[in-house]
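target.csv follows; it contains CSV, C-alpha atoms and all ligand atoms.
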```csv
chain,number,residue,atom,x,y,z
A,26,CYS,CA,-1.7,4.0,-1.5
A,27,SER,CA,-3.9,4.3,-4.5
A,28,PRO,CA,-2.2,4.5,-7.9
A,29,GLU,CA,-3.1,8.2,-8.3
A,30,SER,CA,-1.4,9.1,-5.0
A,31,ALA,CA,1.7,7.0,-5.6
A,32,LEU,CA,4.7,9.1,-6.2
A,33,HIS,CA,6.9,6.2,-7.2
A,34,THR,CA,5.2,3.9,-9.7
A,35,LYS,CA,7.9,1.3,-10.5
A,36,ASP,CA,7.3,-2.0,-8.8
A,37,ILE,CA,10.9,-3.2,-8.7
A,38,PHE,CA,14.0,-2.0,-7.1
A,39,HIS,CA,16.5,0.0,-9.1
A,40,PRO,CA,18.7,-2.5,-11.1
A,41,LYS,CA,21.8,-0.9,-9.6
A,42,VAL,CA,20.5,-1.5,-6.1
A,43,LYS,CA,19.5,-5.1,-6.8
A,44,LYS,CA,22.9,-5.8,-8.3
A,45,ALA,CA,24.8,-4.2,-5.4
A,46,CYS,CA,22.8,-6.2,-2.9
A,47,GLN,CA,23.4,-9.4,-4.8
A,48,ASP,CA,27.1,-8.6,-4.8
A,49,ASP,CA,27.1,-7.6,-1.2
A,50,ARG,CA,28.5,-4.1,-1.8
A,51,THR,CA,25.8,-1.9,-0.3
A,52,GLY,CA,28.4,0.6,0.9
A,53,THR,CA,28.2,0.6,4.6
A,54,VAL,CA,30.4,-1.2,7.1
A,55,GLY,CA,28.1,-2.3,9.9
A,56,LEU,CA,24.4,-1.5,10.3
A,57,LYS,CA,22.4,0.3,7.6
A,58,ILE,CA,20.1,2.8,9.2
A,59,SER,CA,17.7,5.5,8.0
A,60,LYS,CA,16.3,8.2,10.2
A,61,ILE,CA,12.6,8.9,9.8
A,62,ILE,CA,10.8,11.8,11.5
A,63,VAL,CA,7.0,11.8,12.1
A,64,VAL,CA,5.4,15.3,12.4
A,65,GLY,CA,1.9,16.7,12.5
A,66,ASP,CA,-0.7,18.4,14.7
A,67,LEU,CA,-1.4,17.2,18.3
A,68,SER,CA,-3.6,14.2,18.7
A,69,VAL,CA,-3.7,13.3,15.0
A,70,GLY,CA,-2.3,9.8,15.9
A,71,LYS,CA,1.4,9.8,15.3
A,72,THR,CA,2.3,7.8,18.4
A,73,CYS,CA,-0.5,5.3,17.8
A,74,LEU,CA,0.7,4.8,14.3
A,75,ILE,CA,4.2,4.0,15.4
A,76,ASN,CA,3.0,1.8,18.3
A,77,ARG,CA,0.7,-0.2,16.0
A,78,PHE,CA,3.5,-0.9,13.7
A,79,CYS,CA,6.4,-1.5,16.2
A,80,LYS,CA,4.5,-3.1,19.1
A,81,ASN,CA,1.1,-4.1,17.5
A,82,THR,CA,-0.7,-2.2,20.3
A,83,PHE,CA,-3.3,0.5,20.3
A,84,ASP,CA,-4.2,2.9,23.2
A,85,LYS,CA,-7.5,4.7,23.0
A,86,ASN,CA,-6.5,7.2,25.7
A,87,TYR,CA,-4.6,10.2,24.5
A,88,LYS,CA,-1.2,10.7,26.1
A,89,ALA,CA,0.6,13.7,24.6
A,90,THR,CA,4.2,13.1,23.5
A,91,ILE,CA,6.6,15.4,25.3
A,92,GLY,CA,9.4,16.4,23.1
A,93,VAL,CA,10.2,13.2,21.2
A,94,ASP,CA,10.1,9.5,21.4
A,95,PHE,CA,12.1,7.0,19.5
A,96,GLU,CA,11.6,3.5,18.1
A,97,MET,CA,13.8,1.3,16.1
A,98,GLU,CA,12.5,-1.3,13.6
A,99,ARG,CA,14.5,-3.9,11.8
A,100,PHE,CA,13.9,-5.1,8.3
A,101,GLU,CA,15.7,-7.2,5.7
A,102,VAL,CA,15.5,-5.7,2.2
A,103,LEU,CA,16.9,-7.7,-0.7
A,104,GLY,CA,18.7,-9.9,1.8
A,105,VAL,CA,20.4,-6.9,3.5
A,106,PRO,CA,19.7,-6.0,7.2
A,107,PHE,CA,18.3,-2.5,7.4
A,108,SER,CA,16.8,-0.5,10.3
A,109,LEU,CA,14.4,2.4,10.5
A,110,GLN,CA,14.9,4.9,13.3
A,111,LEU,CA,11.4,6.3,13.9
A,112,TRP,CA,11.3,9.7,15.6
A,113,ASP,CA,7.9,10.4,17.1
A,114,THR,CA,7.7,14.1,17.7
A,115,ALA,CA,5.3,16.2,19.8
A,116,GLY,CA,2.4,18.0,18.0
A,117,GLN,CA,1.7,20.4,20.9
A,118,GLU,CA,2.9,23.9,20.3
A,119,ARG,CA,4.7,24.1,23.7
A,120,PHE,CA,6.9,21.1,22.9
A,121,LYS,CA,7.6,22.0,19.3
A,122,CYS,CA,10.8,23.8,20.1
A,123,ILE,CA,12.3,20.7,21.7
A,124,ALA,CA,11.0,18.4,19.0
A,125,SER,CA,12.4,20.4,16.1
A,126,THR,CA,15.9,20.0,17.4
A,127,TYR,CA,15.6,16.3,16.3
A,128,TYR,CA,14.5,17.0,12.7
A,129,ARG,CA,18.0,17.2,11.3
A,130,GLY,CA,19.4,14.3,9.2
A,131,ALA,CA,16.1,12.7,8.3
A,132,GLN,CA,16.0,10.5,5.2
A,133,ALA,CA,12.2,10.6,5.1
A,134,ILE,CA,9.6,12.9,6.6
A,135,ILE,CA,6.1,11.5,7.5
A,136,ILE,CA,3.6,14.3,7.8
A,137,VAL,CA,0.4,13.1,9.6
A,138,PHE,CA,-3.1,14.5,9.7
A,139,ASP,CA,-6.5,13.2,10.9
A,140,VAL,CA,-8.9,12.5,8.0
A,141,ASN,CA,-11.7,13.7,10.2
A,142,ASP,CA,-10.1,17.0,10.9
A,143,ILE,CA,-9.7,19.3,8.0
A,144,GLU,CA,-7.7,21.8,10.0
A,145,SER,CA,-5.0,19.2,10.6
A,146,LEU,CA,-4.7,18.8,6.8
A,147,ASP,CA,-4.5,22.6,6.5
A,148,HIS,CA,-1.4,22.6,8.7
A,149,VAL,CA,0.6,19.9,6.9
A,150,LYS,CA,2.4,22.4,4.7
A,151,GLN,CA,3.6,24.3,7.7
A,152,TRP,CA,4.9,21.1,9.3
A,153,LEU,CA,6.7,20.3,6.1
A,154,LYS,CA,8.2,23.7,5.9
A,155,ASP,CA,9.6,23.5,9.4
A,156,ALA,CA,11.0,20.0,8.9
A,157,LEU,CA,12.6,21.0,5.6
A,158,LYS,CA,14.5,23.8,7.3
A,159,GLU,CA,16.7,21.2,8.9
A,160,ASN,CA,16.9,18.8,5.9
A,161,ASP,CA,17.9,18.7,2.3
A,162,PRO,CA,14.7,19.1,0.3
A,163,THR,CA,16.3,17.5,-2.8
A,164,SER,CA,17.0,14.2,-1.2
A,165,VAL,CA,14.5,13.7,1.6
A,166,LEU,CA,11.5,11.4,0.8
A,167,LEU,CA,8.0,12.7,1.8
A,168,PHE,CA,4.9,10.9,2.9
A,169,LEU,CA,1.5,12.4,3.7
A,170,VAL,CA,-0.5,10.1,6.0
A,171,GLY,CA,-4.2,10.4,6.9
A,172,THR,CA,-5.1,8.6,10.1
A,173,LYS,CA,-8.3,7.4,11.9
A,174,LYS,CA,-9.8,6.2,8.6
A,175,ASP,CA,-12.0,3.8,10.8
A,176,ILE,CA,-14.2,6.7,12.1
A,177,SER,CA,-14.7,8.3,8.7
A,178,SER,CA,-17.7,7.4,6.6
A,179,ALA,CA,-17.1,6.6,2.9
A,180,SER,CA,-18.7,9.9,1.7
A,181,GLN,CA,-16.8,12.0,4.3
A,182,TYR,CA,-13.6,10.3,3.5
A,183,SER,CA,-13.9,10.7,-0.3
A,184,LEU,CA,-14.2,14.5,0.2
A,185,ILE,CA,-11.1,14.9,2.2
A,186,GLU,CA,-9.2,12.4,0.1
A,187,LYS,CA,-9.5,14.7,-3.0
A,188,ASP,CA,-7.9,17.6,-1.0
A,189,ALA,CA,-5.2,15.3,0.5
A,190,ILE,CA,-4.1,13.9,-2.9
A,191,GLN,CA,-3.9,17.4,-4.3
A,192,ILE,CA,-1.9,18.7,-1.3
A,193,ALA,CA,0.4,15.6,-1.5
A,194,LYS,CA,1.1,16.3,-5.2
A,195,GLU,CA,2.0,19.9,-4.4
A,196,MET,CA,4.3,18.8,-1.7
A,197,ARG,CA,5.7,16.0,-3.8
A,198,ALA,CA,4.7,13.5,-1.1
A,199,GLU,CA,3.1,10.1,-1.4
A,200,TYR,CA,-0.3,9.9,0.2
A,201,TRP,CA,-1.5,7.1,2.4
A,202,ALA,CA,-4.7,6.7,4.5
A,203,LEU,CA,-4.8,4.2,7.3
A,204,SER,CA,-6.1,3.3,10.7
A,205,SER,CA,-4.0,2.5,13.8
A,206,LEU,CA,-7.1,1.2,15.5
A,207,THR,CA,-7.9,-1.5,13.0
A,208,GLY,CA,-4.3,-1.7,11.6
A,209,GLU,CA,-5.6,-1.1,8.0
A,210,ASN,CA,-2.6,-0.2,5.8
A,211,VAL,CA,-0.2,0.3,8.6
A,212,LYS,CA,2.2,-2.5,7.8
A,213,GLU,CA,1.9,-1.8,4.0
A,214,PHE,CA,2.8,1.8,4.6
A,215,PHE,CA,5.9,1.2,6.7
A,216,PHE,CA,7.1,-1.6,4.3
A,217,ARG,CA,6.8,1.1,1.6
A,218,VAL,CA,8.8,3.6,3.6
A,219,ALA,CA,11.5,1.0,4.4
A,220,SER,CA,11.7,-0.1,0.7
A,221,LEU,CA,12.0,3.4,-0.7
A,222,THR,CA,14.4,4.7,2.0
A,223,PHE,CA,16.5,1.6,1.6
A,224,GLU,CA,16.7,2.1,-2.2
A,225,ALA,CA,17.6,5.8,-1.8
A,226,ASN,CA,20.2,4.9,0.9
A,227,VAL,CA,22.0,2.3,-1.3
A,228,LEU,CA,21.8,4.5,-4.4
A,229,SER,CA,23.5,7.4,-2.5
A,230,GLU,CA,26.1,5.1,-1.1
A,231,LEU,CA,26.8,3.8,-4.6
A,232,GLU,CA,27.2,7.3,-5.9
A,233,LYS,CA,29.7,8.1,-3.2
A,234,THR,CA,31.7,5.1,-4.1
A,235,SER,CA,31.2,5.3,-7.9
A,236,PRO,CA,34.2,5.3,-10.3
A,237,ARG,CA,36.8,7.7,-9.1
A,238,LYS,CA,37.9,10.6,-11.2
A,239,ILE,CA,41.4,10.9,-12.7
A,240,GLY,CA,43.6,12.6,-10.2
A,241,ASP,CA,41.9,11.1,-7.1
A,242,VAL,CA,44.4,9.6,-4.8
A,243,VAL,CA,43.7,6.1,-3.5
A,244,ARG,CA,46.1,4.9,-0.8
A,245,ILE,CA,46.0,1.3,0.1
A,246,ASN,CA,48.2,-0.5,2.6
A,247,ASN,CA,48.0,-3.7,4.5
A,248,ASN,CA,46.8,-2.1,7.7
A,249,ASP,CA,43.7,-0.8,6.0
A,250,LYS,CA,42.2,-4.2,5.6
A,251,ASN,CA,40.1,-4.2,8.8
A,252,PRO,CA,38.8,-0.8,9.8
A,253,TYR,CA,37.6,-2.0,13.2
A,254,GLN,CA,41.0,-3.4,14.1
A,255,ARG,CA,42.6,-0.2,13.0
A,256,ARG,CA,40.2,1.9,15.2
A,257,LYS,CA,40.8,-0.3,18.2
A,258,LYS,CA,44.5,-0.1,17.9
A,259,SER,CA,44.6,3.7,17.6
A,260,ARG,CA,42.2,4.0,20.6
A,261,SER,CA,44.4,1.9,22.8
A,262,ASP,CA,47.5,3.9,21.7
A,263,CYS,CA,45.7,7.0,22.7
A,264,CYS,CA,44.9,5.7,26.2
A,265,GLN,CA,48.4,4.5,26.9
A,301,LIG,N1,-10.4,5.8,16.1
A,301,LIG,C1,-9.1,6.0,16.0
A,301,LIG,N2,-8.5,6.7,17.0
A,301,LIG,C2,-7.1,6.9,16.9
A,301,LIG,C3,-6.4,6.4,15.8
A,301,LIG,N3,-5.1,6.8,16.0
A,301,LIG,C4,-5.1,7.5,17.1
A,301,LIG,N4,-6.3,7.6,17.7
A,301,LIG,C5,-6.6,8.3,18.9
A,301,LIG,O1,-6.2,9.6,18.8
A,301,LIG,C6,-5.7,10.1,20.1
A,301,LIG,C7,-4.3,10.7,19.8
A,301,LIG,O2,-3.4,9.8,19.4
A,301,LIG,P1,-1.8,10.0,19.6
A,301,LIG,O3,-1.2,8.9,18.8
A,301,LIG,O4,-1.5,10.0,21.0
A,301,LIG,O5,-1.6,11.4,18.9
A,301,LIG,P2,-0.3,12.2,18.6
A,301,LIG,O6,-0.3,12.7,17.2
A,301,LIG,O7,0.9,11.3,19.0
A,301,LIG,O8,-0.4,13.4,19.6
A,301,LIG,P3,0.9,14.3,20.2
A,301,LIG,O9,1.8,13.4,20.8
A,301,LIG,O10,0.3,15.2,21.2
A,301,LIG,O11,1.5,15.1,19.1
A,301,LIG,C8,-5.7,8.9,21.0
A,301,LIG,O12,-6.8,9.0,21.9
A,301,LIG,C9,-5.8,7.7,20.1
A,301,LIG,O13,-6.4,6.6,20.7
A,301,LIG,C10,-7.0,5.7,14.8
A,301,LIG,O14,-6.5,5.2,13.8
A,301,LIG,N5,-8.4,5.5,15.0
A,302,MG,MG,2.3,11.5,20.3
```

Could the structure of this file be written out as structure tokens, please?
Ligand SMILES: Nc1nc2c(ncn2[C@@H]2O[C@H](COP(=O)(O)OP(=O)(O)OP(=O)(O)O)[C@@H](O)[C@H]2O)c(=O)[nH]1
Ligand SMILES: [Mg+2]
Amino acid sequence: CSPESALHTKDIFHPKVKKACQDDRTGTVGLKISKIIVVGDLSVGKTCLINRFCKNTFDKNYKATIGVDFEMERFEVLGVPFSLQLWDTAGQERFKCIASTYYRGAQAIIIVFDVNDIESLDHVKQWLKDALKENDPTSVLLFLVGTKKDISSASQYSLIEKDAIQIAKEMRAEYWALSSLTGENVKEFFFRVASLTFEANVLSELEKTSPRKIGDVVRINNNDKNPYQRRKKSRSDCCQ
């Protein structure tokens, strides 16, 4: 994204996050995952964007997403394995009802519009409003993404870019423009999403495990050493 549309301007990870990763105390036992939902008008290019990044493919024929699709992409951030769960939702009105049931629990919302279609930009605030009904507006990260940059002339694009940056600011989203056909900016965008969600994820885990208050009860016994073993044991007890 351009500097004026970047919401987060620091170019290094939060020192607390860096230190936690170095010390191998990022908070989660097992896999670290963030859920990302992708919303926006029909045919703006949500599925193509995910397919370009996850499968490096592009289909010029439109096949509407019915309800939702799902892709998982693995990363390694600061030496820690991290996955993004990408939920590709349907833009068609008749499938919106099914799609919206998957909005809950997102750590980031990607709102997509087509840079050649001003109407799709006019609708982004409504998409955001719907997605925020199911999520915590204070903690979710927002991205506004303009697609199909390859078919926009420079002069046409600069006109819509002004509006898009303004809207992104009002929504407190970071604005990116890209092309799934050429691949321009696609990788950079998802790396950005992964970095920012990873950082937010670790920070919130650190907050949860931050110094305990006086009066908190911490019970430690030998059986608590291995949570997996404990779970296995109690399960087999239950089945006997
Ligand atoms: N030229 C160009 N065409 C694109 C680009 N991205 C998507 N398209 C085309 O736009 C059409 C719609 O793309 P999809 O990714 O299926 O759109 P969608 O947003 O997933 O649509 P719904 O699933 O109905 O919500 C297809 O014909 C794509 O080939 C792009 O970056 N450049
Ligand atoms: Mg789709």

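Pairwise distance (atom CA of Asp49 of chain A, atom CA of Glu213 of chain A) equals 26.4 Å.
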
Each residue of segment 52-99 of chain A with at least one atom at most 8 Å from segment 137-144 of chain A should appear once, together with its nearest atom pair and the corresponding distance in Å (one decimal); atoms considered: all atoms listed in the file; ordering: chain, then increasing residue number; output as a Markdown table.
```
| residue | atom | partner | partner_atom | distance |
| --- | --- | --- | --- | --- |
| A:Val63 | CA | A:Val137 | CA | 7.2 |
| A:Val64 | CA | A:Val137 | CA | 6.1 |
| A:Gly65 | CA | A:Val137 | CA | 4.9 |
| A:Asp66 | CA | A:Phe138 | CA | 6.8 |
| A:Val69 | CA | A:Asp139 | CA | 5.0 |
| A:Gly70 | CA | A:Asp139 | CA | 7.4 |
| A:Lys71 | CA | A:Val137 | CA | 6.7 |
```

Self-check item: Near-segment 42-47 of chain A list (7 Å; all atoms listed in the file; drop same-chain fewer than 4 positions) as a PyMOL selection string
Solution: chain A and resi 38+51+103+105+224+227-228

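Contact shell of Leu153 of chain A at 8 Å (only C-alpha atoms; same-chain neighbours under 3 positions omitted): Ile134, Ile136, Val149, Lys150, Ala156 and Leu157 of chain A.
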
Quiz prompt | Contacts to ligand MG 302 (chain A) at 8 Å cut-off (only C-alpha atoms and all ligand atoms) as number ranges by chain | solution = A: 67-68, 70-73, 88-91, 113-116

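Our summary of the geometry notes that atom CA of Gln191 of chain A is positioned 24.0 Å from atom CA of Ser220 of chain A.
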
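Taking only C-alpha atoms and all ligand atoms into account, ligand LIG 301 (chain A) lies nearest to A:Ala202 out of the set A:Ala202, A:Cys79, A:Ala193, A:Ile185.
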
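What separates atom CA of Leu206 of chain A from atom CA of Lys173 of chain A is a distance of 7.3 Å.
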
Quiz item: Looking at all atoms listed in the file, which of A:Ile190, A:Leu231, A:Val218, A:Val170 is the one that sits closest to ligand LIG 301 (chain A)?
Solution: A:Val170

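Proximity to ligand LIG 301 (chain A) was assessed for A:Gln151, A:Ser164, A:Gln117, A:Ser177 counting only C-alpha atoms and all ligand atoms; the smallest distance is recorded for A:Gln117.
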
Self-check item: Residue with smallest distance to ligand LIG 301 (chain A) - pool A:Ser183, A:Gln110, A:Ser145, A:Asn86, counting only C-alpha atoms and all ligand atoms
Solution: A:Asn86

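Distance check against ligand LIG 301 (chain A) using only C-alpha atoms and all ligand atoms: of A:Glu195, A:Glu29, A:Asp147, A:Glu209, the minimum falls on A:Glu209.
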
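With all atoms listed in the file as the atoms that count, the minimum distance from Ile176 of chain A to the choices A:Lys158, A:Leu56, A:Glu199, A:Ser205 is reached by A:Ser205.
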
Practice problem: Could you give me, as a VMD selection string, the residues that sit within 12 Å of (24.3, -1.1, 6.1) in the file's coordinates, counting all atoms listed in the file? | Solution: chain A and resid 45 to 46 49 to 59 99 to 102 104 to 109 223 to 224 226 to 227 230

Quiz item: Which residues come within 10 Å of Glu186 of chain A, counting all atoms listed in the file, excluding same-chain residues fewer than 5 positions away, as a ChimeraX atom specification?
Solution: /A:30,140,171,180-181,191-192,200-202

Would you put the residues from that selection into a file with C-alpha atoms, as a PDB file, in the frame of the given file?
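Once written, part24.pdb looks like this:
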```
ATOM      1  CA  SER A  30      -1.400   9.100  -5.000  1.00  0.00           C
ATOM      2  CA  VAL A 140      -8.900  12.500   8.000  1.00  0.00           C
ATOM      3  CA  GLY A 171      -4.200  10.400   6.900  1.00  0.00           C
ATOM      4  CA  SER A 180     -18.700   9.900   1.700  1.00  0.00           C
ATOM      5  CA  GLN A 181     -16.800  12.000   4.300  1.00  0.00           C
ATOM      6  CA  GLN A 191      -3.900  17.400  -4.300  1.00  0.00           C
ATOM      7  CA  ILE A 192      -1.900  18.700  -1.300  1.00  0.00           C
ATOM      8  CA  TYR A 200      -0.300   9.900   0.200  1.00  0.00           C
ATOM      9  CA  TRP A 201      -1.500   7.100   2.400  1.00  0.00           C
ATOM     10  CA  ALA A 202      -4.700   6.700   4.500  1.00  0.00           C
TER      11      ALA A 202
END
```
